[in-house]
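Right, one structure below, let's go through it.
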Protein chains: 2
Amino acid sequence: MAARIIDDLRTPCLVCIKSIAEANASAMLGRAAQLGCALRPHVKTNKTLEASAIATGGSKRRIAVSTMAEAHFFAAGGFDDILYAVPITRDKVADALKLRSTHEFHVMVDSQEGFRELAAAVSANCAGNSSASPPLDVFVRVDCGYGREGVCPFDAASVDLVRAIASSAGLRFGGLYTHGGHSYDASDAQAVRRIGEAERDSVAALAGALRSAGLPPPIVGVGSTPTCSLPPADLDGVDEMHPGNFIYYDMMQARIGACGTGDMALRVLTRVLGHYPSRGMMLVDLGWTGVSSQGSEHGYGSFVDFPGLRCAKLKQECGEVVAVHGAPPIDFAAHPLGSILMFAPYHACAATQQHTHVHAIANDRRTIVGTWEICKGW
Amino acid sequence: MAARIIDDLRTPCLVCIKSIAEANASAMLGRAAQLGCALRPHVKTNKTLEASAIATGGSKRRIAVSTMAEAHFFAAGGFDDILYAVPITRDKVADALKLRSTHEFHVMVDSQEGFRELAAAVSANCAGNSSASPPLDVFVRVDCGYGREGVCPFDAASVDLVRAIASSAGLRFGGLYTHGGHSYDASDAQAVRRIGEAERDSVAALAGALRSAGLPPPIVGVGSTPTCSLPPADLDGVDEMHPGNFIYYDMMQARIGACGTGDMALRVLTRVLGHYPSRGMMLVDLGWTGVSSQGSEHGYGSFVDFPGLRCAKLKQECGEVVAVHGAPPIDFAAHPLGSILMFAPYHACAATQQHTHVHAIANDRRTIVGTWEICKGW
């Protein structure tokens, strides 16, 4: 049977240039090793067993997830040492205990209130259960200046929270976790590095206070893709970093300077539906359903192979392609009706969410070497 | 077994207040009847057999779709008279002919170039096939001033295109179709009505020219949800209208004035994950994965039951909820950790795309009366 090629695919669809994802994983694993820490890839970007296996260097150990659906999907898919990296609520505790009974599965809190809910739910769940699960490791989320969730690293109440976890039946203190999400708003590499330093320094400060209190954190983790791609000079005191986007990278990361455009592994394939020379426009079957509406102010992404083209507007199932300002008019003959264009999304995580599968392609950018299921739901 | 209630659902998830969707369908069917035309609901908004059955008044006949996946899904689900309302390309012709062999299935073109591709593909597909399908009805898309796709209604070339279709083996002229998508940018009801008049007048003009040429259009269709909700005084010469969003409506339509907020049938359910009084903020498990990032400048939608709350920012799996400017601070005690909030999305079509199912709920806003599959893919 002939190898499947991209021309066989219904468009729009998601493809991943496998060798680029592999190179991105190698580079990040190497960077972590050089900085003396482990890599815990956040798999919410790709949500596939295959790309996540690549991100772990093949070990399938030590990942972060953002939904219980991902937790179950990866646990069933042979992964282990899984951190649910969102503050947990009572409705998810039964799932967590079930996962913990078969896997190294960890959860997260960032307040006394959240801890009490968790402890009460664990207690209620274990009450009628004679075969107790191993204790649930609980990470504490630390705010490093992002200002969304997380405890203050310099507050004595944060030490009290860890003490409460450590002395609670059925729970165990798992470590500290921070995420400098404001690195996505950084204007240059220097600003990203300062945020990486803030990630490191905030968890290191709380870790020091915890050691003084006899509560040493088993694991201290930091990271966002920008801060892990443009890291501080050292990550002393940090055990692991947990970027996610790096496996694919995208136009947003390229704008921040966290990658080059050659590091972008993801594409959405789209076909030309119509030529409108009088409007200087081509219609393509790429809508926000296929790539998301994120990055509209930057053309939603880039036709990397045709830098003279840009997406002016996306509707539900169609996009308007025009010439970049200052570039020559569209060469319609070069893009016949039905021909395929490759579009690198502005935000790889958002484009992935729009699809159920991603096709891995070879370096010829044509041969399909695998079709990977994307975890859906919550 | 006790009835399932919304508290049993993992969040975020999509729910539809069934009686509101039914009332929206009744109102639109009534409006169409009053204007002397049929309703061909565009099902791309809801992508479910159940909501689309409601939209057709139970007939399951006469719908528009925007993807081949929808075409197959609805054909297999008992629907018929299905119009693929996007200019077709060669790669989809085999699917179209297959659907045509069992269903009233129609396609669309908007150029001589597109027609030639279609005719050649039909010819190639039928060459080796002795049991010929019935002829494929081809609609011609008309531009009514939206300026995206569609032929010019006043151009003699548009008549030539219809003549070419009508005289092509295996094809049949199906009718005219226009969509005033610029009604979404209209500033008030008067502006919407003017666009509705432009929809009507553009297809009526081309229909007149076609009748003079001996090529009367079997069906003349117009419509977008704004122009069908705030229609012109008459739709003389129009056979059917094809809005889609009306089955759910949303905050975008309410802003345009096409519906009231009480007509919004769709909600995303989200749970409170954290309280941050010092930041005046609650964290919820609603990210752009759950509702899309559309309408960010309008808070992504509305907590209709709590008008003092708004979404300040959505990340992948979390949202920041703050008090509306000028409103009292958040009453955290009223929203305990794990409690559910109902969020009406800014754009119902975009929120639907983020999910695999929608749960229909009763008027108590609590009891689940059905779980409807959302068609995925292309």
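Within each chain, counting starts at residue 1; across the structure tokens, chains are named A, B, ... in the order shown, with ligands numbered 1 upward in that order.
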Starting from chain B, keep only residues with some atom at most 9 Å from an atom of chain A, counting only C-alpha atoms, and report them as an mmCIF file with N, CA and C atoms, in the first residue's frame.
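part_12.cif, written as the output of this step:
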data_model
loop_
_atom_site.group_PDB
_atom_site.id
_atom_site.type_symbol
_atom_site.label_atom_id
_atom_site.label_comp_id
_atom_site.auth_asym_id
_atom_site.auth_seq_id
_atom_site.Cartn_x
_atom_site.Cartn_y
_atom_site.Cartn_z
ATOM 1 N N ASP B 7 -24.849 19.149 38.855
ATOM 2 C CA ASP B 7 -23.765 18.945 39.831
ATOM 3 C C ASP B 7 -22.968 17.680 39.537
ATOM 4 N N ASP B 8 -23.564 16.750 38.784
ATOM 5 C CA ASP B 8 -22.869 15.505 38.448
ATOM 6 C C ASP B 8 -21.858 15.701 37.319
ATOM 7 N N ARG B 10 -18.668 17.020 35.162
ATOM 8 C CA ARG B 10 -17.315 17.564 35.200
ATOM 9 C C ARG B 10 -17.367 18.920 34.498
ATOM 10 N N THR B 11 -16.665 19.876 35.039
ATOM 11 C CA THR B 11 -16.635 21.209 34.416
ATOM 12 C C THR B 11 -15.266 21.477 33.814
ATOM 13 N N PRO B 12 -15.146 22.369 32.822
ATOM 14 C CA PRO B 12 -16.249 23.058 32.153
ATOM 15 C C PRO B 12 -17.024 22.123 31.225
ATOM 16 N N CYS B 13 -18.291 22.432 31.029
ATOM 17 C CA CYS B 13 -19.096 21.675 30.076
ATOM 18 C C CYS B 13 -20.166 22.591 29.514
ATOM 19 N N LYS B 44 -24.387 24.605 11.525
ATOM 20 C CA LYS B 44 -22.995 24.720 11.979
ATOM 21 C C LYS B 44 -22.894 25.301 13.376
ATOM 22 N N SER B 66 -21.716 23.252 6.954
ATOM 23 C CA SER B 66 -20.499 23.955 6.554
ATOM 24 C C SER B 66 -19.298 23.048 6.411
ATOM 25 N N THR B 67 -19.466 21.761 6.719
ATOM 26 C CA THR B 67 -18.365 20.807 6.542
ATOM 27 C C THR B 67 -18.933 19.492 5.997
ATOM 28 N N VAL B 86 -20.657 25.933 1.230
ATOM 29 C CA VAL B 86 -19.302 26.476 1.077
ATOM 30 C C VAL B 86 -18.888 26.122 -0.349
ATOM 31 N N PRO B 87 -18.171 26.999 -1.067
ATOM 32 C CA PRO B 87 -17.744 26.617 -2.419
ATOM 33 C C PRO B 87 -16.995 25.277 -2.377
ATOM 34 N N ILE B 88 -17.416 24.337 -3.215
ATOM 35 C CA ILE B 88 -16.845 22.989 -3.162
ATOM 36 C C ILE B 88 -15.555 22.927 -3.976
ATOM 37 N N THR B 89 -14.633 22.108 -3.514
ATOM 38 C CA THR B 89 -13.410 21.847 -4.271
ATOM 39 C C THR B 89 -13.372 20.367 -4.642
ATOM 40 N N ARG B 90 -12.495 20.058 -5.587
ATOM 41 C CA ARG B 90 -12.429 18.737 -6.216
ATOM 42 C C ARG B 90 -12.309 17.586 -5.202
ATOM 43 N N ASP B 91 -11.532 17.835 -4.132
ATOM 44 C CA ASP B 91 -11.275 16.784 -3.148
ATOM 45 C C ASP B 91 -12.543 16.317 -2.427
ATOM 46 N N LYS B 92 -13.630 17.096 -2.514
ATOM 47 C CA LYS B 92 -14.852 16.729 -1.776
ATOM 48 C C LYS B 92 -15.952 16.189 -2.695
ATOM 49 N N ASP B 110 -19.080 29.446 -6.831
ATOM 50 C CA ASP B 110 -19.248 30.895 -7.001
ATOM 51 C C ASP B 110 -18.322 31.451 -8.069
ATOM 52 N N SER B 111 -17.877 30.566 -9.002
ATOM 53 C CA SER B 111 -17.013 31.049 -10.097
ATOM 54 C C SER B 111 -17.003 30.017 -11.218
ATOM 55 N N GLU B 113 -14.353 29.051 -12.630
ATOM 56 C CA GLU B 113 -13.219 28.191 -12.299
ATOM 57 C C GLU B 113 -13.677 27.066 -11.360
ATOM 58 N N GLY B 114 -14.444 27.436 -10.335
ATOM 59 C CA GLY B 114 -14.952 26.443 -9.391
ATOM 60 C C GLY B 114 -15.907 25.483 -10.074
ATOM 61 N N GLU B 117 -13.933 22.928 -12.188
ATOM 62 C CA GLU B 117 -13.332 21.906 -11.319
ATOM 63 C C GLU B 117 -14.385 20.877 -10.907
ATOM 64 N N GLY B 147 -18.709 41.030 0.571
ATOM 65 C CA GLY B 147 -17.368 41.198 0.013
ATOM 66 C C GLY B 147 -16.410 40.078 0.328
ATOM 67 N N ARG B 148 -16.912 38.885 0.658
ATOM 68 C CA ARG B 148 -16.024 37.759 0.874
ATOM 69 C C ARG B 148 -16.111 36.895 -0.379
ATOM 70 N N GLU B 149 -16.954 35.850 -0.390
ATOM 71 C CA GLU B 149 -17.109 35.048 -1.598
ATOM 72 C C GLU B 149 -18.401 35.444 -2.297
ATOM 73 N N ARG B 271 -16.649 25.743 37.576
ATOM 74 C CA ARG B 271 -16.574 25.690 39.037
ATOM 75 C C ARG B 271 -15.532 26.686 39.557
ATOM 76 N N VAL B 272 -15.783 27.169 40.754
ATOM 77 C CA VAL B 272 -14.844 28.069 41.419
ATOM 78 C C VAL B 272 -13.660 27.241 41.941
ATOM 79 N N LEU B 273 -12.449 27.645 41.557
ATOM 80 C CA LEU B 273 -11.238 26.930 41.976
ATOM 81 C C LEU B 273 -10.499 27.637 43.101
ATOM 82 N N GLY B 274 -10.665 28.934 43.209
ATOM 83 C CA GLY B 274 -9.886 29.653 44.222
ATOM 84 C C GLY B 274 -10.453 31.029 44.492
ATOM 85 N N HIS B 275 -10.242 31.480 45.726
ATOM 86 C CA HIS B 275 -10.654 32.827 46.164
ATOM 87 C C HIS B 275 -9.393 33.648 46.433
ATOM 88 N N TYR B 276 -9.298 34.837 45.903
ATOM 89 C CA TYR B 276 -8.120 35.686 46.111
ATOM 90 C C TYR B 276 -8.598 37.080 46.476
ATOM 91 N N ARG B 279 -6.698 40.191 45.761
ATOM 92 C CA ARG B 279 -6.662 40.607 44.346
ATOM 93 C C ARG B 279 -8.072 40.900 43.833
ATOM 94 N N MET B 281 -10.338 38.738 43.208
ATOM 95 C CA MET B 281 -10.435 37.821 42.075
ATOM 96 C C MET B 281 -10.804 36.408 42.518
ATOM 97 N N MET B 282 -11.615 35.733 41.690
ATOM 98 C CA MET B 282 -11.876 34.294 41.840
ATOM 99 C C MET B 282 -11.301 33.595 40.617
ATOM 100 N N LEU B 283 -10.721 32.419 40.867
ATOM 101 C CA LEU B 283 -10.277 31.598 39.744
ATOM 102 C C LEU B 283 -11.367 30.570 39.449
ATOM 103 N N ASP B 285 -12.640 27.238 36.594
ATOM 104 C CA ASP B 285 -12.067 26.267 35.641
ATOM 105 C C ASP B 285 -12.658 26.475 34.239
ATOM 106 N N TRP B 288 -10.055 29.354 27.671
ATOM 107 C CA TRP B 288 -10.501 29.472 26.278
ATOM 108 C C TRP B 288 -10.737 28.100 25.671
ATOM 109 N N THR B 289 -10.221 27.035 26.283
ATOM 110 C CA THR B 289 -10.569 25.694 25.808
ATOM 111 C C THR B 289 -12.060 25.427 25.990
ATOM 112 N N GLY B 290 -12.686 26.059 26.976
ATOM 113 C CA GLY B 290 -14.078 25.761 27.298
ATOM 114 C C GLY B 290 -15.094 26.682 26.656
ATOM 115 N N SER B 292 -13.865 29.404 24.140
ATOM 116 C CA SER B 292 -13.148 30.119 23.088
ATOM 117 C C SER B 292 -12.691 31.471 23.615
ATOM 118 N N SER B 293 -11.787 32.108 22.911
ATOM 119 C CA SER B 293 -11.285 33.411 23.361
ATOM 120 C C SER B 293 -12.024 34.553 22.671
ATOM 121 N N GLN B 294 -13.095 34.236 21.959
ATOM 122 C CA GLN B 294 -13.814 35.302 21.256
ATOM 123 C C GLN B 294 -14.573 36.205 22.235
ATOM 124 N N GLN B 316 -5.590 28.922 29.291
ATOM 125 C CA GLN B 316 -6.030 27.679 28.667
ATOM 126 C C GLN B 316 -7.127 26.969 29.461
ATOM 127 N N GLU B 317 -6.948 26.793 30.755
ATOM 128 C CA GLU B 317 -7.928 26.024 31.534
ATOM 129 C C GLU B 317 -8.484 26.804 32.722
ATOM 130 N N CYS B 318 -8.084 28.063 32.878
ATOM 131 C CA CYS B 318 -8.537 28.845 34.023
ATOM 132 C C CYS B 318 -8.967 30.234 33.575
ATOM 133 N N GLU B 320 -10.071 34.237 35.203
ATOM 134 C CA GLU B 320 -10.064 35.144 36.344
ATOM 135 C C GLU B 320 -11.385 35.907 36.348
ATOM 136 N N LEU B 337 -15.718 27.395 47.085
ATOM 137 C CA LEU B 337 -14.871 26.559 46.222
ATOM 138 C C LEU B 337 -15.687 25.365 45.743
ATOM 139 N N GLY B 338 -15.582 25.070 44.464
ATOM 140 C CA GLY B 338 -16.297 23.929 43.904
ATOM 141 C C GLY B 338 -17.713 24.241 43.471
ATOM 142 N N CYS B 349 -21.451 29.681 18.607
ATOM 143 C CA CYS B 349 -20.840 28.782 17.624
ATOM 144 C C CYS B 349 -19.420 28.425 18.055
ATOM 145 N N ALA B 350 -18.701 29.435 18.560
ATOM 146 C CA ALA B 350 -17.312 29.214 18.964
ATOM 147 C C ALA B 350 -17.238 28.370 20.231
ATOM 148 N N GLN B 353 -17.805 24.672 19.366
ATOM 149 C CA GLN B 353 -16.650 24.025 18.727
ATOM 150 C C GLN B 353 -15.670 23.468 19.765
ATOM 151 N N GLN B 354 -15.687 23.984 20.978
ATOM 152 C CA GLN B 354 -14.716 23.564 21.994
ATOM 153 C C GLN B 354 -15.130 22.269 22.689
ATOM 154 N N HIS B 355 -16.336 21.764 22.398
ATOM 155 C CA HIS B 355 -16.877 20.633 23.157
ATOM 156 C C HIS B 355 -17.244 19.460 22.255
ATOM 157 N N THR B 356 -17.400 18.280 22.885
ATOM 158 C CA THR B 356 -17.821 17.097 22.142
ATOM 159 C C THR B 356 -19.301 16.790 22.379
ATOM 160 N N LYS B 376 -17.786 16.486 15.185
ATOM 161 C CA LYS B 376 -16.419 17.004 15.189
ATOM 162 C C LYS B 376 -15.770 16.804 13.830
ATOM 163 N N GLY B 377 -14.734 17.547 13.566
ATOM 164 C CA GLY B 377 -13.909 17.328 12.388
ATOM 165 C C GLY B 377 -14.483 17.936 11.124
ATOM 166 N N TRP B 378 -13.941 17.506 9.993
ATOM 167 C CA TRP B 378 -14.268 18.145 8.722
ATOM 168 C C TRP B 378 -14.598 17.156 7.607
#
What residues in region 14-240 of chain B get the DSSP label alpha helix (DSSP H)? Please answer as a ChimeraX atom specification.
/B:18-34,49-55,68-76,93-102,112-127,156-166,189-212,225-229
Using only C-alpha atoms, determine which residues lie at most 12 Å from Asp201 (chain B), disregarding the query and same-chain residues fewer than 3 positions distant; provide the list as a list in words.
Val142, Asp143, Cys144, Gly145, Pro153, Phe154, Thr178, Gly180, Arg194, Ile195, Gly196, Glu197, Ala198, Ala204, Ala205, Leu206, Ala207, Gly208, Val220, Gly221, Val222, Pro232, Asp234, Leu235, Asp236, Gly237 and Val238 of chain B
Give me the residues near Gly370 (chain B) as a list in words, where near means some atom within 10 Å (using only C-alpha atoms) and where sequence neighbours in that chain fewer than 4 positions away do not count.
Arg4, Val15, Cys16, Lys18, Glu50, Val358, His359, Ala360, Ile361 and Ala362 of chain B
Using only C-alpha atoms, which residues sit within 7 Å of His179 (chain B) once same-chain residues fewer than 4 positions away are excluded, as number ranges by chain?
B: 199, 222-224
A straight line from CA of Gly299 (chain A) to CA of Tyr346 (chain A) spans 8.0 Å
Spatial neighbours of Asp81 (chain B), max dist 7 Å, only C-alpha atoms, sep filter under 4 positions, as a PyMOL selection string
chain B and resi 61-63+103-105
In region 133-191 of chain A, what's strand (DSSP E) per DSSP? Answer as an MDAnalysis selection string?
chainID A and resid 136:142 171:178
Hey, what's within 12 Å of Ala186 (chain B) if we count only C-alpha atoms and toss same-chain stuff fewer than 2 positions away? As number ranges by chain, please?
B: 146, 180-184, 188-196, 226-227, 230, 252-253, 255-258
May I have the selected residues written with N, CA and C atoms, as a PDB file, in the first residue's frame?
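This is the output file again_29.pdb:
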ATOM      1  N   TYR B 146     -21.248  41.697   1.261  1.00  0.00           N
ATOM      2  CA  TYR B 146     -20.369  41.221   2.333  1.00  0.00           C
ATOM      3  C   TYR B 146     -18.915  41.302   1.872  1.00  0.00           C
ATOM      4  N   GLY B 180     -25.544  37.736   4.336  1.00  0.00           N
ATOM      5  CA  GLY B 180     -25.052  39.075   4.670  1.00  0.00           C
ATOM      6  C   GLY B 180     -24.252  39.056   5.956  1.00  0.00           C
ATOM      7  N   GLY B 181     -23.072  38.467   5.884  1.00  0.00           N
ATOM      8  CA  GLY B 181     -22.255  38.311   7.094  1.00  0.00           C
ATOM      9  C   GLY B 181     -21.856  39.635   7.708  1.00  0.00           C
ATOM     10  N   HIS B 182     -21.933  40.715   6.916  1.00  0.00           N
ATOM     11  CA  HIS B 182     -21.563  42.017   7.485  1.00  0.00           C
ATOM     12  C   HIS B 182     -22.621  42.518   8.463  1.00  0.00           C
ATOM     13  N   SER B 183     -23.763  41.802   8.564  1.00  0.00           N
ATOM     14  CA  SER B 183     -24.755  42.189   9.578  1.00  0.00           C
ATOM     15  C   SER B 183     -24.177  42.046  10.985  1.00  0.00           C
ATOM     16  N   TYR B 184     -23.135  41.227  11.133  1.00  0.00           N
ATOM     17  CA  TYR B 184     -22.501  41.070  12.451  1.00  0.00           C
ATOM     18  C   TYR B 184     -21.754  42.334  12.876  1.00  0.00           C
ATOM     19  N   ASP B 188     -26.745  49.005  14.581  1.00  0.00           N
ATOM     20  CA  ASP B 188     -28.089  49.029  15.162  1.00  0.00           C
ATOM     21  C   ASP B 188     -29.078  48.265  14.273  1.00  0.00           C
ATOM     22  N   ALA B 189     -30.314  48.152  14.766  1.00  0.00           N
ATOM     23  CA  ALA B 189     -31.332  47.355  14.078  1.00  0.00           C
ATOM     24  C   ALA B 189     -31.597  47.883  12.671  1.00  0.00           C
ATOM     25  N   GLN B 190     -31.552  49.212  12.526  1.00  0.00           N
ATOM     26  CA  GLN B 190     -31.807  49.811  11.227  1.00  0.00           C
ATOM     27  C   GLN B 190     -30.741  49.365  10.222  1.00  0.00           C
ATOM     28  N   ALA B 191     -29.512  49.340  10.677  1.00  0.00           N
ATOM     29  CA  ALA B 191     -28.405  48.910   9.804  1.00  0.00           C
ATOM     30  C   ALA B 191     -28.565  47.439   9.430  1.00  0.00           C
ATOM     31  N   VAL B 192     -28.999  46.619  10.402  1.00  0.00           N
ATOM     32  CA  VAL B 192     -29.230  45.199  10.110  1.00  0.00           C
ATOM     33  C   VAL B 192     -30.326  45.064   9.050  1.00  0.00           C
ATOM     34  N   ARG B 193     -31.410  45.833   9.197  1.00  0.00           N
ATOM     35  CA  ARG B 193     -32.518  45.733   8.227  1.00  0.00           C
ATOM     36  C   ARG B 193     -32.060  46.130   6.820  1.00  0.00           C
ATOM     37  N   ARG B 194     -31.196  47.132   6.754  1.00  0.00           N
ATOM     38  CA  ARG B 194     -30.690  47.534   5.427  1.00  0.00           C
ATOM     39  C   ARG B 194     -29.884  46.399   4.790  1.00  0.00           C
ATOM     40  N   ILE B 195     -29.134  45.657   5.620  1.00  0.00           N
ATOM     41  CA  ILE B 195     -28.360  44.531   5.080  1.00  0.00           C
ATOM     42  C   ILE B 195     -29.308  43.410   4.663  1.00  0.00           C
ATOM     43  N   GLY B 196     -30.372  43.205   5.429  1.00  0.00           N
ATOM     44  CA  GLY B 196     -31.393  42.220   5.038  1.00  0.00           C
ATOM     45  C   GLY B 196     -32.036  42.588   3.706  1.00  0.00           C
ATOM     46  N   PRO B 226     -28.668  37.824  12.365  1.00  0.00           N
ATOM     47  CA  PRO B 226     -29.176  39.181  12.587  1.00  0.00           C
ATOM     48  C   PRO B 226     -30.249  39.581  11.570  1.00  0.00           C
ATOM     49  N   THR B 227     -29.998  39.346  10.272  1.00  0.00           N
ATOM     50  CA  THR B 227     -30.976  39.807   9.271  1.00  0.00           C
ATOM     51  C   THR B 227     -32.276  39.009   9.311  1.00  0.00           C
ATOM     52  N   LEU B 230     -34.118  40.405  12.639  1.00  0.00           N
ATOM     53  CA  LEU B 230     -34.593  41.782  12.431  1.00  0.00           C
ATOM     54  C   LEU B 230     -34.800  41.946  10.928  1.00  0.00           C
ATOM     55  N   MET B 252     -23.221  38.077  21.606  1.00  0.00           N
ATOM     56  CA  MET B 252     -22.939  38.857  20.392  1.00  0.00           C
ATOM     57  C   MET B 252     -24.242  39.275  19.729  1.00  0.00           C
ATOM     58  N   GLN B 253     -25.184  38.335  19.615  1.00  0.00           N
ATOM     59  CA  GLN B 253     -26.483  38.655  19.010  1.00  0.00           C
ATOM     60  C   GLN B 253     -27.256  39.641  19.881  1.00  0.00           C
ATOM     61  N   ARG B 255     -25.951  41.945  21.735  1.00  0.00           N
ATOM     62  CA  ARG B 255     -25.342  43.260  21.506  1.00  0.00           C
ATOM     63  C   ARG B 255     -25.837  43.885  20.199  1.00  0.00           C
ATOM     64  N   ILE B 256     -25.987  43.026  19.187  1.00  0.00           N
ATOM     65  CA  ILE B 256     -26.477  43.529  17.890  1.00  0.00           C
ATOM     66  C   ILE B 256     -27.953  43.925  17.995  1.00  0.00           C
ATOM     67  N   GLY B 257     -28.654  43.313  18.950  1.00  0.00           N
ATOM     68  CA  GLY B 257     -30.083  43.572  19.094  1.00  0.00           C
ATOM     69  C   GLY B 257     -30.934  42.506  18.424  1.00  0.00           C
ATOM     70  N   ALA B 258     -30.285  41.414  17.969  1.00  0.00           N
ATOM     71  CA  ALA B 258     -31.015  40.342  17.287  1.00  0.00           C
ATOM     72  C   ALA B 258     -31.781  39.463  18.271  1.00  0.00           C
TER      73      ALA B 258
END
